[in-house]
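Undergrad: Mind looking over this structure? Questions follow.
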Amino acid sequence: MTDRKRYSQKYKDDAVELVISSGRPIAQVAPDIGVNEGTLGTWVRKYREDHPDRFVTEEKAAVPWEEHQKALAENAKLKQEIEFLGKVSAFFAAKQR
């Protein structure tokens, strides 16, 4: 015979609700409630399969192409400025020696 613990469906549902409502990871909740991490993960996975409508995520709106290009150009400019400032600071540090 095994010494496996048996949990009521209410306990499982409450544990899953705790994971979902708290936003905490399963690995963090499992030790708090005294359940194996894999066991709790199985309960959560099964709950998500049984209630897919509760976990519908909204598609993120795509960034417009112009805004994306503007961000890339700004990023390139900032990289150039950082490179320049690094060279200038190295120049002055060498001059002070």
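So you can find residues: chains in the structure tokens are A, B, ... in the order shown, residues in each start at 1, and ligands are numbered from 1 in order.
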Hey, which bits of stretch 22-72 of chain A sit within 9 Å of stretch 8-16 of chain A, and for each residue what's the closest pair of atoms and how far apart in Å (one decimal), counting only C-alpha atoms, rows by chain and increasing number, as a Markdown table?
TA:
```
| residue | atom | partner | partner_atom | distance |
| --- | --- | --- | --- | --- |
| A:Val29 | CA | A:Ala15 | CA | 8.4 |
| A:Ala30 | CA | A:Ala15 | CA | 8.5 |
| A:Ile33 | CA | A:Ala15 | CA | 7.7 |
| A:Leu40 | CA | A:Val16 | CA | 7.4 |
| A:Gly41 | CA | A:Val16 | CA | 8.8 |
| A:Trp43 | CA | A:Val16 | CA | 6.7 |
| A:Val44 | CA | A:Val16 | CA | 5.5 |
| A:Tyr47 | CA | A:Val16 | CA | 7.5 |
```
Undergrad: Using DSSP on the backbone coordinates, identify the residues of chain A assigned to helix (DSSP H, G or I); present them as an MDAnalysis selection string.
TA: chainID A and resid 9:22 26:33 37:50 52:55 65:95
Undergrad: Given the selection you just returned, output its residues as a file containing C-alpha atoms, formatted as an mmCIF file, in the first residue's frame.
TA:
```
data_model
loop_
_atom_site.group_PDB
_atom_site.id
_atom_site.type_symbol
_atom_site.label_atom_id
_atom_site.label_comp_id
_atom_site.auth_asym_id
_atom_site.auth_seq_id
_atom_site.Cartn_x
_atom_site.Cartn_y
_atom_site.Cartn_z
ATOM 1 C CA GLN A 9 -11.932 18.293 -4.603
ATOM 2 C CA LYS A 10 -12.735 21.382 -2.526
ATOM 3 C CA TYR A 11 -9.146 21.512 -1.251
ATOM 4 C CA LYS A 12 -7.806 21.176 -4.798
ATOM 5 C CA ASP A 13 -10.114 23.905 -6.073
ATOM 6 C CA ASP A 14 -9.124 26.212 -3.226
ATOM 7 C CA ALA A 15 -5.423 25.576 -3.892
ATOM 8 C CA VAL A 16 -5.831 26.305 -7.598
ATOM 9 C CA GLU A 17 -7.817 29.446 -6.822
ATOM 10 C CA LEU A 18 -5.014 30.581 -4.521
ATOM 11 C CA VAL A 19 -2.459 30.185 -7.320
ATOM 12 C CA ILE A 20 -4.634 31.979 -9.850
ATOM 13 C CA SER A 21 -5.860 34.822 -7.656
ATOM 14 C CA SER A 22 -2.545 35.551 -5.966
ATOM 15 C CA ILE A 26 3.159 27.345 -8.212
ATOM 16 C CA ALA A 27 6.630 26.747 -6.774
ATOM 17 C CA GLN A 28 5.985 29.443 -4.187
ATOM 18 C CA VAL A 29 2.435 28.449 -3.254
ATOM 19 C CA ALA A 30 3.004 24.673 -2.996
ATOM 20 C CA PRO A 31 5.256 24.717 0.098
ATOM 21 C CA ASP A 32 2.952 27.233 1.781
ATOM 22 C CA ILE A 33 -0.003 24.862 1.596
ATOM 23 C CA GLU A 37 4.918 21.321 -6.490
ATOM 24 C CA GLY A 38 4.227 18.758 -9.229
ATOM 25 C CA THR A 39 0.889 17.835 -7.690
ATOM 26 C CA LEU A 40 -0.256 21.440 -7.508
ATOM 27 C CA GLY A 41 0.968 22.004 -11.059
ATOM 28 C CA THR A 42 -1.148 19.097 -12.237
ATOM 29 C CA TRP A 43 -4.211 20.510 -10.483
ATOM 30 C CA VAL A 44 -3.659 23.930 -12.056
ATOM 31 C CA ARG A 45 -3.079 22.470 -15.532
ATOM 32 C CA LYS A 46 -6.256 20.364 -15.304
ATOM 33 C CA TYR A 47 -8.240 23.372 -14.081
ATOM 34 C CA ARG A 48 -7.008 25.463 -17.002
ATOM 35 C CA GLU A 49 -7.955 22.705 -19.436
ATOM 36 C CA ASP A 50 -11.420 22.437 -17.898
ATOM 37 C CA PRO A 52 -10.284 27.668 -20.909
ATOM 38 C CA ASP A 53 -12.687 30.626 -21.049
ATOM 39 C CA ARG A 54 -11.261 31.950 -17.788
ATOM 40 C CA PHE A 55 -7.755 32.168 -19.238
ATOM 41 C CA TRP A 65 5.771 50.347 -38.059
ATOM 42 C CA GLU A 66 6.693 54.031 -37.890
ATOM 43 C CA GLU A 67 6.868 53.925 -34.093
ATOM 44 C CA HIS A 68 9.044 50.814 -34.262
ATOM 45 C CA GLN A 69 11.429 52.448 -36.729
ATOM 46 C CA LYS A 70 11.583 55.598 -34.587
ATOM 47 C CA ALA A 71 12.508 53.509 -31.526
ATOM 48 C CA LEU A 72 15.221 51.689 -33.488
ATOM 49 C CA ALA A 73 16.691 54.997 -34.689
ATOM 50 C CA GLU A 74 16.681 56.416 -31.168
ATOM 51 C CA ASN A 75 18.324 53.255 -29.864
ATOM 52 C CA ALA A 76 21.095 53.518 -32.469
ATOM 53 C CA LYS A 77 21.655 57.184 -31.588
ATOM 54 C CA LEU A 78 21.897 56.404 -27.881
ATOM 55 C CA LYS A 79 24.395 53.610 -28.558
ATOM 56 C CA GLN A 80 26.568 56.066 -30.504
ATOM 57 C CA GLU A 81 26.410 58.576 -27.656
ATOM 58 C CA ILE A 82 27.403 55.937 -25.110
ATOM 59 C CA GLU A 83 30.308 54.831 -27.291
ATOM 60 C CA PHE A 84 31.451 58.437 -27.708
ATOM 61 C CA LEU A 85 31.219 59.156 -23.974
ATOM 62 C CA GLY A 86 33.236 56.029 -23.235
ATOM 63 C CA LYS A 87 35.995 57.147 -25.597
ATOM 64 C CA VAL A 88 36.000 60.678 -24.164
ATOM 65 C CA SER A 89 36.206 59.460 -20.580
ATOM 66 C CA ALA A 90 39.048 57.086 -21.511
ATOM 67 C CA PHE A 91 40.869 59.966 -23.209
ATOM 68 C CA PHE A 92 40.599 62.239 -20.170
ATOM 69 C CA ALA A 93 41.480 59.447 -17.755
ATOM 70 C CA ALA A 94 44.652 58.734 -19.739
ATOM 71 C CA LYS A 95 45.520 62.433 -19.843
#
```
